[in-house]
file data18.cif (mmCIF, C-alpha atoms, pLDDT in the B column; chains and numbers go by the auth columns)
data_target
#
loop_
_atom_site.group_PDB
_atom_site.id
_atom_site.type_symbol
_atom_site.label_atom_id
_atom_site.label_comp_id
_atom_site.label_asym_id
_atom_site.label_seq_id
_atom_site.Cartn_x
_atom_site.Cartn_y
_atom_site.Cartn_z
_atom_site.B_iso_or_equiv
_atom_site.auth_seq_id
_atom_site.auth_asym_id
ATOM 1 C CA MET A 1 -24.754 -33.848 -17.976 46.00 1 A
ATOM 2 C CA GLY A 2 -23.641 -30.665 -19.756 49.00 2 A
ATOM 3 C CA LYS A 3 -20.179 -29.146 -19.645 47.00 3 A
ATOM 4 C CA THR A 4 -21.397 -26.291 -17.423 53.00 4 A
ATOM 5 C CA ASP A 5 -22.807 -28.778 -14.913 55.00 5 A
ATOM 6 C CA ILE A 6 -19.481 -30.629 -14.805 46.00 6 A
ATOM 7 C CA VAL A 7 -17.617 -27.356 -14.192 50.00 7 A
ATOM 8 C CA LYS A 8 -20.049 -26.457 -11.396 61.00 8 A
ATOM 9 C CA GLN A 9 -19.178 -29.663 -9.565 68.00 9 A
ATOM 10 C CA THR A 10 -15.544 -28.516 -9.233 82.00 10 A
ATOM 11 C CA LEU A 11 -16.411 -24.961 -8.146 89.00 11 A
ATOM 12 C CA MET A 12 -17.969 -23.397 -5.052 91.00 12 A
ATOM 13 C CA ARG A 13 -20.918 -21.087 -4.600 91.00 13 A
ATOM 14 C CA ILE A 14 -20.193 -17.799 -2.909 90.00 14 A
ATOM 15 C CA SER A 15 -21.991 -18.952 0.251 92.00 15 A
ATOM 16 C CA GLU A 16 -19.769 -22.041 0.382 93.00 16 A
ATOM 17 C CA VAL A 17 -16.632 -19.922 -0.058 93.00 17 A
ATOM 18 C CA ALA A 18 -17.763 -17.569 2.712 93.00 18 A
ATOM 19 C CA LYS A 19 -18.412 -20.442 5.113 94.00 19 A
ATOM 20 C CA ALA A 20 -15.126 -22.215 4.326 94.00 20 A
ATOM 21 C CA ALA A 21 -13.083 -19.000 4.668 93.00 21 A
ATOM 22 C CA GLY A 22 -14.952 -17.756 7.731 92.00 22 A
ATOM 23 C CA VAL A 23 -15.977 -14.399 6.247 90.00 23 A
ATOM 24 C CA SER A 24 -19.262 -12.708 5.364 90.00 24 A
ATOM 25 C CA LEU A 25 -20.844 -12.511 1.924 89.00 25 A
ATOM 26 C CA PRO A 26 -20.346 -8.700 1.775 89.00 26 A
ATOM 27 C CA THR A 27 -16.628 -9.268 2.377 89.00 27 A
ATOM 28 C CA ILE A 28 -16.393 -11.540 -0.669 91.00 28 A
ATOM 29 C CA HIS A 29 -18.419 -9.087 -2.747 89.00 29 A
ATOM 30 C CA TYR A 30 -16.016 -6.322 -1.667 88.00 30 A
ATOM 31 C CA TYR A 31 -12.906 -8.344 -2.531 89.00 31 A
ATOM 32 C CA THR A 32 -14.457 -9.166 -5.910 90.00 32 A
ATOM 33 C CA ARG A 33 -15.170 -5.500 -6.659 88.00 33 A
ATOM 34 C CA GLU A 34 -11.573 -4.621 -5.711 85.00 34 A
ATOM 35 C CA GLY A 35 -10.226 -7.261 -8.099 87.00 35 A
ATOM 36 C CA LEU A 36 -8.714 -9.554 -5.466 89.00 36 A
ATOM 37 C CA LEU A 37 -11.150 -12.369 -6.247 92.00 37 A
ATOM 38 C CA SER A 38 -12.804 -13.298 -9.505 88.00 38 A
ATOM 39 C CA PRO A 39 -15.605 -15.838 -10.105 88.00 39 A
ATOM 40 C CA LEU A 40 -14.767 -18.457 -12.720 83.00 40 A
ATOM 41 C CA LEU A 41 -18.368 -18.911 -13.797 84.00 41 A
ATOM 42 C CA LYS A 42 -21.443 -16.661 -13.706 83.00 42 A
ATOM 43 C CA THR A 43 -24.760 -18.340 -14.471 78.00 43 A
ATOM 44 C CA ALA A 44 -26.941 -15.364 -13.538 75.00 44 A
ATOM 45 C CA PRO A 45 -26.495 -11.743 -12.371 74.00 45 A
ATOM 46 C CA ASN A 46 -26.612 -12.902 -8.745 76.00 46 A
ATOM 47 C CA MET A 47 -25.227 -16.426 -9.145 82.00 47 A
ATOM 48 C CA ALA A 48 -21.499 -17.042 -9.442 86.00 48 A
ATOM 49 C CA TYR A 49 -19.120 -19.922 -8.836 89.00 49 A
ATOM 50 C CA TYR A 50 -15.597 -19.564 -7.450 92.00 50 A
ATOM 51 C CA SER A 51 -12.495 -21.732 -7.522 90.00 51 A
ATOM 52 C CA PRO A 52 -11.729 -23.557 -4.246 92.00 52 A
ATOM 53 C CA ASP A 53 -8.398 -21.699 -4.374 91.00 53 A
ATOM 54 C CA CYS A 54 -10.328 -18.561 -3.375 92.00 54 A
ATOM 55 C CA VAL A 55 -10.630 -19.896 0.160 93.00 55 A
ATOM 56 C CA GLU A 56 -6.856 -19.845 0.568 92.00 56 A
ATOM 57 C CA ASP A 57 -6.703 -16.442 -1.154 92.00 57 A
ATOM 58 C CA ILE A 58 -9.163 -14.991 1.371 93.00 58 A
ATOM 59 C CA ARG A 59 -7.196 -16.416 4.288 92.00 59 A
ATOM 60 C CA LEU A 60 -4.021 -14.827 2.901 89.00 60 A
ATOM 61 C CA ILE A 61 -5.798 -11.481 2.405 89.00 61 A
ATOM 62 C CA LYS A 62 -7.028 -11.486 6.016 87.00 62 A
ATOM 63 C CA GLU A 63 -3.575 -12.464 7.299 84.00 63 A
ATOM 64 C CA LEU A 64 -1.814 -9.692 5.377 80.00 64 A
ATOM 65 C CA GLN A 65 -4.436 -7.168 6.481 76.00 65 A
ATOM 66 C CA SER A 66 -4.545 -8.050 10.166 74.00 66 A
ATOM 67 C CA GLU A 67 -0.908 -8.989 10.794 72.00 67 A
ATOM 68 C CA LYS A 68 1.015 -6.897 8.262 67.00 68 A
ATOM 69 C CA PHE A 69 -1.461 -4.002 7.839 66.00 69 A
ATOM 70 C CA LEU A 70 -0.916 -4.129 4.069 71.00 70 A
ATOM 71 C CA PRO A 71 -3.357 -2.185 1.879 71.00 71 A
ATOM 72 C CA LEU A 72 -5.471 -4.115 -0.627 77.00 72 A
ATOM 73 C CA SER A 73 -3.533 -2.626 -3.549 73.00 73 A
ATOM 74 C CA VAL A 74 -0.348 -4.305 -2.292 74.00 74 A
ATOM 75 C CA ILE A 75 -2.107 -7.565 -1.399 81.00 75 A
ATOM 76 C CA LYS A 76 -3.443 -7.654 -4.952 82.00 76 A
ATOM 77 C CA ILE A 77 0.161 -7.643 -6.252 78.00 77 A
ATOM 78 C CA ILE A 78 1.064 -10.615 -4.048 79.00 78 A
ATOM 79 C CA LEU A 79 -2.016 -12.590 -5.126 84.00 79 A
ATOM 80 C CA GLN A 80 -1.375 -11.891 -8.802 80.00 80 A
ATOM 81 C CA ALA A 81 2.272 -12.924 -8.471 76.00 81 A
ATOM 82 C CA ARG A 82 1.185 -16.237 -6.962 77.00 82 A
ATOM 83 C CA ARG A 83 -1.392 -16.786 -9.722 79.00 83 A
ATOM 84 C CA ASP A 84 1.265 -16.022 -12.335 75.00 84 A
ATOM 85 C CA GLY A 85 3.193 -18.996 -11.018 72.00 85 A
ATOM 86 C CA GLN A 86 6.091 -17.185 -9.402 67.00 86 A
ATOM 87 C CA ASP A 87 8.129 -19.560 -7.289 62.00 87 A
ATOM 88 C CA ILE A 88 7.904 -19.747 -3.512 54.00 88 A
ATOM 89 C CA GLU A 89 11.355 -18.239 -3.003 58.00 89 A
ATOM 90 C CA HIS A 90 10.452 -15.155 -5.048 60.00 90 A
ATOM 91 C CA LEU A 91 7.123 -14.724 -3.237 63.00 91 A
ATOM 92 C CA GLY A 92 8.900 -15.098 0.090 63.00 92 A
ATOM 93 C CA GLU A 93 11.343 -12.376 -0.908 62.00 93 A
ATOM 94 C CA MET A 94 8.478 -10.122 -1.940 62.00 94 A
ATOM 95 C CA ARG A 95 6.714 -10.606 1.393 64.00 95 A
ATOM 96 C CA THR A 96 9.965 -9.939 3.259 64.00 96 A
ATOM 97 C CA LEU A 97 10.355 -6.699 1.326 60.00 97 A
ATOM 98 C CA LEU A 98 6.784 -5.678 2.102 62.00 98 A
ATOM 99 C CA ASP A 99 7.347 -6.506 5.773 61.00 99 A
ATOM 100 C CA ASP A 100 10.303 -4.087 5.721 57.00 100 A
ATOM 101 C CA VAL A 101 8.315 -1.394 3.909 57.00 101 A
ATOM 102 C CA PHE A 102 5.267 -1.671 6.161 56.00 102 A
ATOM 103 C CA GLN A 103 6.980 -2.329 9.487 54.00 103 A
ATOM 104 C CA PRO A 104 6.104 0.129 12.274 49.00 104 A
ATOM 105 C CA VAL A 105 8.370 3.178 12.320 50.00 105 A
ATOM 106 C CA VAL A 106 6.975 4.699 15.513 46.00 106 A
ATOM 107 C CA THR A 107 7.721 2.488 18.473 42.00 107 A
ATOM 108 C CA GLY A 108 5.141 2.178 21.206 43.00 108 A
ATOM 109 C CA GLU A 109 2.149 2.691 18.876 41.00 109 A
ATOM 110 C CA PRO A 110 1.705 -0.538 16.889 45.00 110 A
ATOM 111 C CA ASN A 111 -2.098 -0.463 16.872 65.00 111 A
ATOM 112 C CA PRO A 112 -4.318 1.368 14.371 81.00 112 A
ATOM 113 C CA LEU A 113 -5.498 4.782 15.551 86.00 113 A
ATOM 114 C CA THR A 114 -8.908 6.381 15.278 89.00 114 A
ATOM 115 C CA ALA A 115 -9.147 10.004 14.134 90.00 115 A
ATOM 116 C CA GLY A 116 -9.574 11.144 17.742 91.00 116 A
ATOM 117 C CA GLU A 117 -6.532 9.173 18.894 90.00 117 A
ATOM 118 C CA LEU A 118 -4.434 10.563 16.047 90.00 118 A
ATOM 119 C CA LEU A 119 -5.483 14.134 16.916 90.00 119 A
ATOM 120 C CA ASN A 120 -4.630 13.626 20.591 89.00 120 A
ATOM 121 C CA ALA A 121 -1.264 12.008 19.835 87.00 121 A
ATOM 122 C CA SER A 122 -0.139 14.495 17.173 87.00 122 A
ATOM 123 C CA GLY A 123 -1.638 17.749 18.428 88.00 123 A
ATOM 124 C CA LEU A 124 -3.293 18.440 15.070 89.00 124 A
ATOM 125 C CA SER A 125 -6.715 20.060 14.935 91.00 125 A
ATOM 126 C CA ALA A 126 -9.695 18.467 13.193 92.00 126 A
ATOM 127 C CA PRO A 127 -9.585 21.040 10.321 92.00 127 A
ATOM 128 C CA GLU A 128 -5.863 20.369 9.876 92.00 128 A
ATOM 129 C CA LEU A 129 -6.506 16.636 9.715 92.00 129 A
ATOM 130 C CA LYS A 130 -9.221 17.161 7.122 92.00 130 A
ATOM 131 C CA GLY A 131 -6.903 19.384 5.094 92.00 131 A
ATOM 132 C CA LEU A 132 -4.063 16.878 5.164 92.00 132 A
ATOM 133 C CA GLN A 133 -6.408 14.118 4.033 92.00 133 A
ATOM 134 C CA SER A 134 -7.663 16.218 1.116 91.00 134 A
ATOM 135 C CA MET A 135 -4.020 16.777 0.115 90.00 135 A
ATOM 136 C CA GLY A 136 -3.307 13.049 0.291 90.00 136 A
ATOM 137 C CA LEU A 137 -0.649 13.469 2.983 90.00 137 A
ATOM 138 C CA LEU A 138 -2.664 11.420 5.476 91.00 138 A
ATOM 139 C CA VAL A 139 -4.546 8.438 4.081 86.00 139 A
ATOM 140 C CA PRO A 140 -6.708 6.455 6.516 89.00 140 A
ATOM 141 C CA ARG A 141 -7.580 2.815 5.939 85.00 141 A
ATOM 142 C CA LYS A 142 -11.275 2.024 5.616 83.00 142 A
ATOM 143 C CA THR A 143 -12.547 -0.593 8.074 81.00 143 A
ATOM 144 C CA ALA A 144 -15.934 -1.827 9.256 79.00 144 A
ATOM 145 C CA LYS A 145 -15.469 0.321 12.377 75.00 145 A
ATOM 146 C CA GLY A 146 -14.543 3.448 10.432 82.00 146 A
ATOM 147 C CA ASP A 147 -11.325 5.117 9.303 86.00 147 A
ATOM 148 C CA VAL A 148 -8.107 4.118 11.069 89.00 148 A
ATOM 149 C CA TYR A 149 -4.588 5.518 10.790 90.00 149 A
ATOM 150 C CA ASP A 150 -1.270 3.713 11.096 84.00 150 A
ATOM 151 C CA ASP A 151 2.165 4.443 12.542 81.00 151 A
ATOM 152 C CA ILE A 152 3.296 6.267 9.405 83.00 152 A
ATOM 153 C CA ASP A 153 0.261 8.573 9.511 87.00 153 A
ATOM 154 C CA LEU A 154 1.121 9.364 13.127 87.00 154 A
ATOM 155 C CA ARG A 155 4.728 10.128 12.255 85.00 155 A
ATOM 156 C CA VAL A 156 3.707 12.311 9.276 89.00 156 A
ATOM 157 C CA ALA A 157 1.213 14.181 11.451 90.00 157 A
ATOM 158 C CA GLY A 158 3.906 14.816 14.069 88.00 158 A
ATOM 159 C CA ILE A 159 6.364 16.103 11.470 88.00 159 A
ATOM 160 C CA ILE A 160 3.758 18.428 9.973 90.00 160 A
ATOM 161 C CA LYS A 161 2.953 19.774 13.433 88.00 161 A
ATOM 162 C CA GLU A 162 6.685 20.403 13.926 88.00 162 A
ATOM 163 C CA LEU A 163 6.880 22.185 10.553 89.00 163 A
ATOM 164 C CA ALA A 164 3.996 24.405 11.637 88.00 164 A
ATOM 165 C CA GLY A 165 6.211 25.522 14.490 87.00 165 A
ATOM 166 C CA PHE A 166 8.721 26.744 11.880 87.00 166 A
ATOM 167 C CA GLY A 167 5.989 28.873 10.316 91.00 167 A
ATOM 168 C CA LEU A 168 4.963 26.579 7.458 89.00 168 A
ATOM 169 C CA GLU A 169 1.220 26.379 6.812 88.00 169 A
ATOM 170 C CA LEU A 170 -0.763 23.545 5.238 87.00 170 A
ATOM 171 C CA ASN A 171 -0.913 25.382 1.919 87.00 171 A
ATOM 172 C CA ASP A 172 2.878 25.495 1.888 90.00 172 A
ATOM 173 C CA LEU A 173 2.941 21.679 1.875 89.00 173 A
ATOM 174 C CA GLY A 174 0.890 21.308 -1.298 86.00 174 A
ATOM 175 C CA ILE A 175 4.065 20.442 -3.190 87.00 175 A
ATOM 176 C CA TYR A 176 4.187 17.141 -1.311 88.00 176 A
ATOM 177 C CA SER A 177 0.872 16.102 -2.852 88.00 177 A
ATOM 178 C CA ARG A 178 2.663 16.263 -6.193 87.00 178 A
ATOM 179 C CA TYR A 179 5.639 14.477 -4.676 86.00 179 A
ATOM 180 C CA ILE A 180 3.389 11.573 -3.639 87.00 180 A
ATOM 181 C CA GLU A 181 2.023 11.379 -7.178 87.00 181 A
ATOM 182 C CA VAL A 182 5.570 11.212 -8.560 87.00 182 A
ATOM 183 C CA ILE A 183 6.438 8.392 -6.148 84.00 183 A
ATOM 184 C CA ARG A 184 3.241 6.532 -7.039 83.00 184 A
ATOM 185 C CA ASN A 185 3.992 6.834 -10.759 86.00 185 A
ATOM 186 C CA GLU A 186 7.548 5.679 -10.148 84.00 186 A
ATOM 187 C CA ALA A 187 6.349 2.619 -8.216 80.00 187 A
ATOM 188 C CA ASP A 188 3.859 1.732 -10.966 82.00 188 A
ATOM 189 C CA GLU A 189 6.466 2.149 -13.711 84.00 189 A
ATOM 190 C CA ILE A 190 9.083 0.039 -11.926 78.00 190 A
ATOM 191 C CA HIS A 191 6.473 -2.624 -11.205 75.00 191 A
ATOM 192 C CA ASN A 192 5.494 -2.729 -14.896 78.00 192 A
ATOM 193 C CA LYS A 193 9.146 -2.937 -15.935 76.00 193 A
ATOM 194 C CA ILE A 194 9.737 -5.892 -13.611 71.00 194 A
ATOM 195 C CA HIS A 195 6.498 -7.588 -14.666 70.00 195 A
ATOM 196 C CA HIS A 196 7.552 -7.580 -18.319 71.00 196 A
ATOM 197 C CA MET A 197 11.188 -8.527 -17.739 67.00 197 A
ATOM 198 C CA ARG A 198 12.518 -11.822 -18.965 64.00 198 A
ATOM 199 C CA GLY A 199 13.091 -14.088 -16.015 59.00 199 A
ATOM 200 C CA MET A 200 11.099 -11.769 -13.754 56.00 200 A
ATOM 201 C CA ASP A 201 10.901 -14.521 -11.143 60.00 201 A
ATOM 202 C CA LYS A 202 14.688 -14.271 -10.795 63.00 202 A
ATOM 203 C CA VAL A 203 14.762 -10.531 -10.126 62.00 203 A
ATOM 204 C CA PRO A 204 16.040 -9.880 -6.559 69.00 204 A
ATOM 205 C CA VAL A 205 13.075 -7.671 -5.641 67.00 205 A
ATOM 206 C CA ALA A 206 14.287 -6.750 -2.159 68.00 206 A
ATOM 207 C CA ARG A 207 17.726 -5.686 -3.418 73.00 207 A
ATOM 208 C CA LEU A 208 16.199 -3.835 -6.365 75.00 208 A
ATOM 209 C CA PHE A 209 13.914 -1.681 -4.210 74.00 209 A
ATOM 210 C CA SER A 210 16.618 -1.180 -1.604 75.00 210 A
ATOM 211 C CA THR A 211 18.942 0.068 -4.346 80.00 211 A
ATOM 212 C CA LEU A 212 16.233 2.368 -5.732 81.00 212 A
ATOM 213 C CA ASN A 213 15.642 3.784 -2.240 79.00 213 A
ATOM 214 C CA SER A 214 19.369 4.431 -1.902 80.00 214 A
ATOM 215 C CA LEU A 215 19.386 6.218 -5.264 83.00 215 A
ATOM 216 C CA LYS A 216 16.500 8.477 -4.219 80.00 216 A
ATOM 217 C CA ALA A 217 18.094 9.183 -0.838 79.00 217 A
ATOM 218 C CA TYR A 218 21.392 10.252 -2.408 80.00 218 A
ATOM 219 C CA LEU A 219 19.667 12.390 -5.054 82.00 219 A
ATOM 220 C CA ALA A 220 17.535 14.091 -2.378 80.00 220 A
ATOM 221 C CA THR A 221 20.619 14.670 -0.193 80.00 221 A
ATOM 222 C CA LYS A 222 22.435 16.218 -3.144 80.00 222 A
ATOM 223 C CA VAL A 223 19.543 18.573 -3.923 81.00 223 A
ATOM 224 C CA TYR A 224 19.110 19.671 -0.300 76.00 224 A
ATOM 225 C CA ARG A 225 22.864 20.115 0.088 77.00 225 A
ATOM 226 C CA GLN A 226 22.851 22.467 -2.883 82.00 226 A
ATOM 227 C CA ALA A 227 19.827 24.309 -1.474 79.00 227 A
ATOM 228 C CA LEU A 228 21.567 24.667 1.890 76.00 228 A
ATOM 229 C CA GLU A 229 24.684 26.062 0.204 78.00 229 A
ATOM 230 C CA MET A 230 22.547 28.615 -1.682 81.00 230 A
ATOM 231 C CA HIS A 231 20.817 29.576 1.580 71.00 231 A
ATOM 232 C CA GLN A 232 24.192 30.067 3.277 75.00 232 A
ATOM 233 C CA GLN A 233 25.425 32.217 0.386 76.00 233 A
ATOM 234 C CA ASP A 234 22.320 34.414 0.680 75.00 234 A
ATOM 235 C CA MET A 235 22.920 34.779 4.429 72.00 235 A
ATOM 236 C CA ASP A 236 26.570 35.717 3.806 71.00 236 A
ATOM 237 C CA LYS A 237 25.499 38.398 1.301 75.00 237 A
ATOM 238 C CA LYS A 238 23.109 39.928 3.835 74.00 238 A
ATOM 239 C CA GLU A 239 25.814 40.066 6.476 68.00 239 A
ATOM 240 C CA SER A 240 28.437 41.590 4.160 64.00 240 A
#
call {"tool": "encode", "arguments": {"input": "data18.cif", "output": "structure tokens"}}
result
Amino acid sequence: MGKTDIVKQTLMRISEVAKAAGVSLPTIHYYTREGLLSPLLKTAPNMAYYSPDCVEDIRLIKELQSEKFLPLSVIKIILQARRDGQDIEHLGEMRTLLDDVFQPVVTGEPNPLTAGELLNASGLSAPELKGLQSMGLLVPRKTAKGDVYDDIDLRVAGIIKELAGFGLELNDLGIYSRYIEVIRNEADEIHNKIHHMRGMDKVPVARLFSTLNSLKAYLATKVYRQALEMHQQDMDKKES
């Protein structure tokens, strides 16, 4: 018996993984394309063997998707941390942090919303929704039943509708597309810093991100306070 045959005996075919995890073959193919799963052995273009650990990975992915509504990009971080051997306490802290970040912020609407439901609840028009999506201010989650929106999308849509009442148009909000990119770059950079730190498994992730959020909140408050003072000075000049 060759070495490859011995390895095969300890691995699972994709059909076996699908059956054990209770998911379809396309689901496993999708997770593989997204980098959440990776076959340990490929013997042909359409024949691959997976570690039995993939079954537990798939169950965790489904749990975090259905119960926590976490996007695959975040789930990928959790899976990689576990594969890197981070201890249970650190992983637990990470999941607690993600629970806080992804918890519903609009009470009374915990369920995902279709585009029609979001339009009805927010008062946006279909063209406005399309425009906000193209700007990256509303980002639906892809599902087998189509695009769905979460509580944060609903809250953002409501705020934008309120801003429209102040006279701001969609084009005026283009700056926030750049703001999102800055935040995304910041998150990636901090993640990379933590990943390459000595003793990364000892970093208090929840406290770190809470502290960073506090820093951003104070900096934003300072900037808007200065802007408000300048606005008041301009008003005083007009009245004098």
call {"tool": "closest_residue", "arguments": {"input": "data18.cif", "among": "A:Tyr30, A:Tyr218, A:Tyr149, A:Phe209", "to": "Glu186 (chain A)", "atoms": "all atoms listed in the file"}}
result
A:Phe209
call {"tool": "resolve_selection", "arguments": {"input": "data18.cif", "expression": "the PyMOL selection byres ((chain A and resi 36) around 10)", "output": "NGL selection string"}}
result
:A and (28 or 30-35 or 37-38 or 54 or 57-58 or 61 or 72-73 or 75-80)
call {"tool": "atom_distance", "arguments": {"input": "data18.cif", "atom1": "CA of Ser51 (chain A)", "atom2": "CA of Pro39 (chain A)"}}
result
7.1 Å
call {"tool": "closest_residue", "arguments": {"input": "data18.cif", "among": "A:Leu129, A:Ala121, A:Ala187, A:Ala20", "to": "Asn213 (chain A)", "atoms": "all atoms listed in the file"}}
result
A:Ala187
call {"tool": "resolve_selection", "arguments": {"input": "data18.cif", "expression": "the PyMOL selection byres ((chain A and resi 116) around 12)", "output": "VMD selection string"}}
result
chain A and resid 112 to 115 117 to 126 129 146 to 149 154
call {"tool": "resolve_selection", "arguments": {"input": "data18.cif", "expression": "the PyMOL selection byres ((chain A and resi 17) around 10)", "output": "count of residues only"}}
result
24
call {"tool": "atom_distance", "arguments": {"input": "data18.cif", "atom1": "CA of Leu70 (chain A)", "atom2": "CA of Asp188 (chain A)"}}
result
16.8 Å
call {"tool": "atom_distance", "arguments": {"input": "data18.cif", "atom1": "CA of His231 (chain A)", "atom2": "CA of Met135 (chain A)"}}
result
28.0 Å
call {"tool": "residues_around", "arguments": {"input": "data18.cif", "residues": "Leu132 (chain A)", "least_positions_apart": "5", "cutoff": "12 Å", "atoms": "only C-alpha atoms", "output": "number ranges by chain"}}
result
A: 124-127, 137-140, 153, 156-157, 160-161, 169-174, 176-177
